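Here is the structure we will look at, set down as structure tokens.
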Amino acid sequence: MARSASSSAAAVWAILRKECRSEWRTRYGLNAALLFAITSLAGVSFAVGPLGDRTDILSGMLWVVLLFAALASLSHAFVREIEGHTLTLLRLVATPTAIGLGKLLFNLIFLAVIEAVTVPLFLLLMGGPPPKWGRFALVLILGSVALAAACTLVSAIIAQTRGRGALFAGASLPLLLPVLAAAVKGTRAQWQGGTVGAEASILIAYAAAVFGVSLLLYDHLWED
Amino acid sequence: MSAALAGAVLCSLTLEAAGLAHRYGRRRGLDPLSFRVASPGVVALTGPNGSGKSTLLRIVAGLLRPTTGSLSVAFGGESVSAAARRLRVGFASPELAFYDELSAEENLTFAAEARGLPDPGAAAGAALERVGLAARARDLVPELSSGMQQRLRLAFALLGAPPLLLLDEPGSHLDEEGCATVARVVDEQAEAGLVILATNDERETKLGTQRIELRRRGLGDPA
């Protein structure tokens, strides 16, 4: 059991490192996500300018930009394996659960990089009051974890289907609405001086549920 | 025994199939097949195109579930599930692809690391050395010729000296030296393990000490 656990950990770590190296060399997903985020922000900024104290709109806009940047890029984690015909190689070196976990960790890091660029740019271009950094970071982190978990699972499920590009967005959006709602409410609450406990609880429960379902499903997803 | 297999765990290996068959939708991929083979040795798997040679190798590797029938693979008397088998066999087939953005060495090091081999870099280097690809270790996969990519597949199959080697047309795209490498690798493996070699090449067929012949019209007959 101990050897099996350490082998799985080694596989997860190897997959994570491979994903990071591949993305760094191709920058395929990174360029797409950053281009979308920066273009969206620039466009809205030119159109409406700083939004001042409209924290309700600011909250919604921030998460719409992050959501669509995620949808534009997080599906590639598995689609790339199918289109590059490397899924056979992956299945021969790691268990489906290790593959799923490795991809999930990569997607989390990927989202963190996107947000490291997007969020400061958003705060700079769109104006608005300074965030309550502790609560803001909490909602951002939990929302990102929930987003990454859901997108990774959907990507794994639809990767071997035809029309997976369109299917990913269509299958993801209904699942991501609770994340969007809780994240927007929490972000707005911290700007308006309120607490974010309820929204944080929802995001934690959602992420835990999706993660649990993922662990149950991964072993069955690529069985031919 | 060759130095390459000196570190391999010597354990008996048996494969027993009963009525093993697979369908791809309406199309028959493998007709019902029963056999029993054991290590050490080389099993040559022959048959016309579409008779199910590749399908059978994928089932043995644990990559494909049989539609009907059963397959038991036991390492040292202990039966191993398909999921566990995938991580223990050496598998090389024309469909096996590598990551284009990584070099030959990086692909194998990744595979060795994911499989939990003690020294992934050394394991990758040793595998590349065995197939004569060490000089091109740092080249990206697209920079390798089709023959070199075939050698890379063979190197991948040899990672960690697995007790069961599944080779699907290992000599395709290979020159004389490459074919000699395949023969040498198969001979070394047969000393302590089992090789199942799917081929229609007479030279490779002769490497087999046992033979399974799939007899069907071929070309993936419909129902």
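Convention: chains lettered A, B, ... in structure tokens order; per-chain residue numbering from 1; ligands numbered from 1 as shown.
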Legend entry - Exercise: Gly171 (chain B) partners within 9 Å, only C-alpha atoms, chain neighbours under 4 positions left out, as a ChimeraX atom specification: /B:147,150-151,175,178-179,182,199,201,204
Report as a tab-separated table (two decimals) with C-alpha atoms, in the first residue's frame all protein, DNA and RNA residues lying within 8 Å of region 68-78 of chain A, evaluated on only C-alpha atoms, omitting residues in the same chain fewer than 2 positions from it.
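around06.tsv, freshly written:
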```tsv
chain	number	residue	atom	x	y	z
A	29	GLY	CA	-2.81	27.57	-23.68
A	30	LEU	CA	-1.02	30.42	-21.96
A	32	ALA	CA	-4.70	31.97	-25.69
A	33	ALA	CA	-5.79	32.65	-22.12
A	34	LEU	CA	-3.69	35.76	-21.61
A	36	PHE	CA	-8.32	36.72	-24.19
A	37	ALA	CA	-8.05	38.21	-20.70
A	64	VAL	CA	-16.52	36.56	-16.27
A	65	VAL	CA	-13.03	37.37	-17.56
A	66	LEU	CA	-11.45	34.64	-15.41
A	80	ARG	CA	-3.90	17.71	-26.31
A	81	GLU	CA	-3.29	14.06	-25.36
A	82	ILE	CA	-6.01	12.88	-27.74
A	103	LYS	CA	-3.58	17.52	-14.81
A	107	ASN	CA	-4.54	23.55	-14.25
A	111	LEU	CA	-4.91	29.51	-13.47
A	147	LEU	CA	-13.03	26.27	-11.42
A	148	ALA	CA	-9.96	24.12	-12.08
A	151	CYS	CA	-12.90	22.17	-15.88
A	152	THR	CA	-10.41	19.32	-15.44
A	154	VAL	CA	-15.26	17.97	-17.84
A	155	SER	CA	-12.17	18.04	-20.04
A	156	ALA	CA	-11.34	14.45	-19.09
A	159	ALA	CA	-11.70	14.59	-24.50
A	168	PHE	CA	-16.45	21.56	-23.44
A	169	ALA	CA	-17.96	25.02	-23.14
```
Legend entry - Nearest candidate to Ser144 (chain A) (options A:Tyr206, A:Val93, A:Gly194, A:Ala42; using only C-alpha atoms):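 Closest to Ser144 (chain A) of all the choices is A:Tyr206.
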Inset, instruction - Enumerate as a PyMOL selection string all residues of region 38-180 of chain A assigned to alpha helix (DSSP H) by DSSP on the backbone, naming them with the chain letters and numbers the document uses. - result: chain A and resi 38-48+55-73+76-83+87-93+96-126+133-158+164-180
Within 6 Å of region 166-168 of chain B using only C-alpha atoms, minus same-chain residues under 2 positions, as a PDB file with all heavy atoms, in the first residue's frame:
```pdb
ATOM      1  N   GLY B  90       6.121  -4.027 -21.029  1.00  0.00           N
ATOM      2  CA  GLY B  90       6.786  -3.189 -22.009  1.00  0.00           C
ATOM      3  C   GLY B  90       5.993  -3.290 -23.296  1.00  0.00           C
ATOM      4  O   GLY B  90       5.762  -4.391 -23.798  1.00  0.00           O
ATOM      5  N   PHE B  91       5.533  -2.176 -23.828  1.00  0.00           N
ATOM      6  CA  PHE B  91       4.628  -2.178 -24.981  1.00  0.00           C
ATOM      7  C   PHE B  91       5.148  -1.237 -26.052  1.00  0.00           C
ATOM      8  O   PHE B  91       5.494  -0.087 -25.767  1.00  0.00           O
ATOM      9  CB  PHE B  91       3.229  -1.735 -24.529  1.00  0.00           C
ATOM     10  CG  PHE B  91       2.189  -1.717 -25.608  1.00  0.00           C
ATOM     11  CD1 PHE B  91       1.520  -2.879 -25.958  1.00  0.00           C
ATOM     12  CD2 PHE B  91       1.870  -0.541 -26.266  1.00  0.00           C
ATOM     13  CE1 PHE B  91       0.544  -2.876 -26.949  1.00  0.00           C
ATOM     14  CE2 PHE B  91       0.896  -0.522 -27.257  1.00  0.00           C
ATOM     15  CZ  PHE B  91       0.229  -1.693 -27.601  1.00  0.00           C
ATOM     16  N   ALA B  92       5.229  -1.731 -27.265  1.00  0.00           N
ATOM     17  CA  ALA B  92       5.643  -0.888 -28.387  1.00  0.00           C
ATOM     18  C   ALA B  92       4.781  -1.234 -29.591  1.00  0.00           C
ATOM     19  O   ALA B  92       4.701  -2.402 -29.979  1.00  0.00           O
ATOM     20  CB  ALA B  92       7.112  -1.110 -28.719  1.00  0.00           C
ATOM     21  N   SER B  93       4.116  -0.209 -30.126  1.00  0.00           N
ATOM     22  CA  SER B  93       3.290  -0.442 -31.303  1.00  0.00           C
ATOM     23  C   SER B  93       3.358   0.790 -32.191  1.00  0.00           C
ATOM     24  O   SER B  93       3.748   1.861 -31.727  1.00  0.00           O
ATOM     25  CB  SER B  93       1.843  -0.737 -30.905  1.00  0.00           C
ATOM     26  OG  SER B  93       1.137   0.462 -30.721  1.00  0.00           O
ATOM     27  N   PRO B 170       7.764  -4.685 -34.564  1.00  0.00           N
ATOM     28  CA  PRO B 170       8.898  -3.911 -34.077  1.00  0.00           C
ATOM     29  C   PRO B 170       9.912  -3.555 -35.159  1.00  0.00           C
ATOM     30  O   PRO B 170      10.675  -2.630 -35.001  1.00  0.00           O
ATOM     31  CB  PRO B 170       9.530  -4.832 -33.028  1.00  0.00           C
ATOM     32  CG  PRO B 170       9.121  -6.204 -33.427  1.00  0.00           C
ATOM     33  CD  PRO B 170       7.750  -6.059 -34.021  1.00  0.00           C
ATOM     34  N   VAL B 195       8.274 -12.642 -24.455  1.00  0.00           N
ATOM     35  CA  VAL B 195       8.040 -11.669 -25.515  1.00  0.00           C
ATOM     36  C   VAL B 195       6.882 -12.172 -26.359  1.00  0.00           C
ATOM     37  O   VAL B 195       6.842 -13.350 -26.719  1.00  0.00           O
ATOM     38  CB  VAL B 195       9.275 -11.509 -26.436  1.00  0.00           C
ATOM     39  CG1 VAL B 195       9.020 -10.423 -27.474  1.00  0.00           C
ATOM     40  CG2 VAL B 195      10.520 -11.202 -25.621  1.00  0.00           C
ATOM     41  N   ILE B 196       5.939 -11.299 -26.633  1.00  0.00           N
ATOM     42  CA  ILE B 196       4.898 -11.604 -27.622  1.00  0.00           C
ATOM     43  C   ILE B 196       5.106 -10.635 -28.769  1.00  0.00           C
ATOM     44  O   ILE B 196       5.062  -9.418 -28.589  1.00  0.00           O
ATOM     45  CB  ILE B 196       3.483 -11.478 -27.046  1.00  0.00           C
ATOM     46  CG1 ILE B 196       3.306 -12.420 -25.865  1.00  0.00           C
ATOM     47  CG2 ILE B 196       2.463 -11.807 -28.124  1.00  0.00           C
ATOM     48  CD1 ILE B 196       1.926 -12.374 -25.232  1.00  0.00           C
ATOM     49  N   LEU B 197       5.358 -11.201 -29.917  1.00  0.00           N
ATOM     50  CA  LEU B 197       5.793 -10.434 -31.080  1.00  0.00           C
ATOM     51  C   LEU B 197       4.742 -10.562 -32.172  1.00  0.00           C
ATOM     52  O   LEU B 197       4.558 -11.626 -32.739  1.00  0.00           O
ATOM     53  CB  LEU B 197       7.106 -11.077 -31.539  1.00  0.00           C
ATOM     54  CG  LEU B 197       8.011 -10.423 -32.540  1.00  0.00           C
ATOM     55  CD1 LEU B 197       8.457  -9.078 -32.048  1.00  0.00           C
ATOM     56  CD2 LEU B 197       9.229 -11.304 -32.750  1.00  0.00           C
ATOM     57  N   ALA B 198       4.030  -9.470 -32.452  1.00  0.00           N
ATOM     58  CA  ALA B 198       3.018  -9.493 -33.511  1.00  0.00           C
ATOM     59  C   ALA B 198       3.690  -9.066 -34.805  1.00  0.00           C
ATOM     60  O   ALA B 198       4.218  -7.955 -34.908  1.00  0.00           O
ATOM     61  CB  ALA B 198       1.875  -8.544 -33.175  1.00  0.00           C
TER      62      ALA B 198
END
```
Inset, instruction - Identify all chain B residues at most 7 Å from chain A by counting only C-alpha atoms; ligands do not count. Present them as a PyMOL selection string. - result: chain B and resi 63-65+86-87+96-99+101+110-111+113-116
Inset, instruction - Calculate how many Å separate CA of Asn107 (chain B) from CA of Glu129 (chain B), rounding to one decimal. - result: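 That distance, rounded to one decimal, is 14.7 Å.
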Legend entry - Contacts of Ile141 (chain A) within 10 Å, only C-alpha atoms, excl. fewer than 2 positions in-chain, as a ChimeraX atom specification: /A:108,111-112,115,135-139,143-147,183,200,203
Legend entry - Selection near Ala205 (chain A), 12 Å with only C-alpha atoms, sequence-local residues under 5 positions removed, as a PyMOL selection string: chain A and resi 142-143+145-146+149+178-179+182+198-200+210-212
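Here the question is which of B:Gly77, B:Gly52, B:Pro162, B:Gly47 gets nearest to Leu30 (chain B) using only C-alpha atoms, and that residue is B:Gly52.
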Inset, instruction - Find the residues around Gly69 (chain B) up to 8 Å (only C-alpha atoms counted), leave out those fewer than 6 positions away in its own chain, and share them as a list in words. - result: Ala17, Ala18, Gly19, Leu20, Ala21 and Pro32 of chain B
Inset, instruction - Write down as a list in words the residues belonging to region 59-138 of chain B that are assigned strand (DSSP E) by DSSP computed on the backbone. - result: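 Output for region 59-138 of chain B, strand (DSSP E) only: Thr68, Gly69, Ser70, Leu71, Ser72, Val73, Ala74, Phe75, Glu78, Ser79, Gly90, Phe91 and Ala92 of chain B.
Proximity to Glu105 (chain B) was assessed for B:Asp139, B:Glu202, B:Asp119, B:Glu78 counting only C-alpha atoms; the smallest distance is recorded for B:Asp139.
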Inset, instruction - Go ahead and compute the interatomic distance for CA of Ala189 (chain A) and CA of Ile114 (chain A), in Å to one decimal. - result: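 Spanning CA of Ala189 (chain A) to CA of Ile114 (chain A) is a straight-line distance of 23.2 Å.
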Inset, instruction - In Å, rounded to a single decimal, give me how far CA of Leu175 (chain A) is from CA of Leu140 (chain A). - result: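 Separating CA of Leu140 (chain A) from CA of Leu175 (chain A) is a distance of 18.0 Å.
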Skip region 40-42 of chain B itself and residues of its chain fewer than 2 positions away, then list as an mmCIF file with C-alpha atoms, in the first residue's frame all residues within 12 Å of it, counting only C-alpha atoms.
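Saved to selection.cif:
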```cif
data_model
loop_
_atom_site.group_PDB
_atom_site.id
_atom_site.type_symbol
_atom_site.label_atom_id
_atom_site.label_comp_id
_atom_site.auth_asym_id
_atom_site.auth_seq_id
_atom_site.Cartn_x
_atom_site.Cartn_y
_atom_site.Cartn_z
ATOM 1 C CA LEU B 10 13.082 -13.341 -12.154
ATOM 2 C CA CYS B 11 9.508 -14.452 -11.841
ATOM 3 C CA SER B 12 7.395 -16.883 -13.742
ATOM 4 C CA LEU B 13 4.894 -15.370 -16.080
ATOM 5 C CA THR B 14 1.847 -17.100 -17.504
ATOM 6 C CA LEU B 15 -0.889 -15.916 -19.821
ATOM 7 C CA VAL B 37 1.798 -19.399 -22.819
ATOM 8 C CA ALA B 38 4.462 -19.081 -20.163
ATOM 9 C CA ALA B 44 5.259 -15.072 -32.513
ATOM 10 C CA LEU B 45 1.743 -13.812 -33.183
ATOM 11 C CA PRO B 163 9.131 -9.235 -17.515
ATOM 12 C CA LEU B 164 6.609 -9.113 -20.386
ATOM 13 C CA LEU B 165 7.435 -7.425 -23.670
ATOM 14 C CA LEU B 166 4.665 -6.803 -26.204
ATOM 15 C CA LEU B 167 6.016 -5.763 -29.583
ATOM 16 C CA ALA B 183 16.545 -9.618 -32.630
ATOM 17 C CA VAL B 185 16.635 -7.422 -27.571
ATOM 18 C CA VAL B 186 14.156 -10.249 -28.108
ATOM 19 C CA ASP B 187 16.834 -12.869 -27.439
ATOM 20 C CA GLU B 188 17.923 -11.108 -24.250
ATOM 21 C CA GLN B 189 14.356 -10.765 -23.042
ATOM 22 C CA ALA B 190 13.569 -14.411 -23.773
ATOM 23 C CA GLU B 191 16.261 -15.522 -21.318
ATOM 24 C CA ALA B 192 14.292 -14.424 -18.278
ATOM 25 C CA GLY B 193 10.979 -13.108 -19.500
ATOM 26 C CA LEU B 194 8.361 -13.437 -22.188
ATOM 27 C CA VAL B 195 8.040 -11.669 -25.515
ATOM 28 C CA ILE B 196 4.898 -11.604 -27.622
ATOM 29 C CA LEU B 197 5.793 -10.434 -31.080
ATOM 30 C CA ALA B 198 3.018 -9.493 -33.511
ATOM 31 C CA GLU B 204 10.767 -11.775 -36.830
ATOM 32 C CA THR B 205 8.516 -14.817 -36.971
ATOM 33 C CA LYS B 206 11.616 -17.020 -36.791
ATOM 34 C CA LEU B 207 12.547 -15.423 -33.482
ATOM 35 C CA GLY B 208 9.545 -17.114 -31.909
ATOM 36 C CA THR B 209 9.879 -20.333 -29.943
ATOM 37 C CA GLN B 210 6.084 -20.628 -29.870
ATOM 38 C CA ARG B 211 3.480 -19.422 -32.311
ATOM 39 C CA ILE B 212 -0.097 -18.189 -32.203
#
```
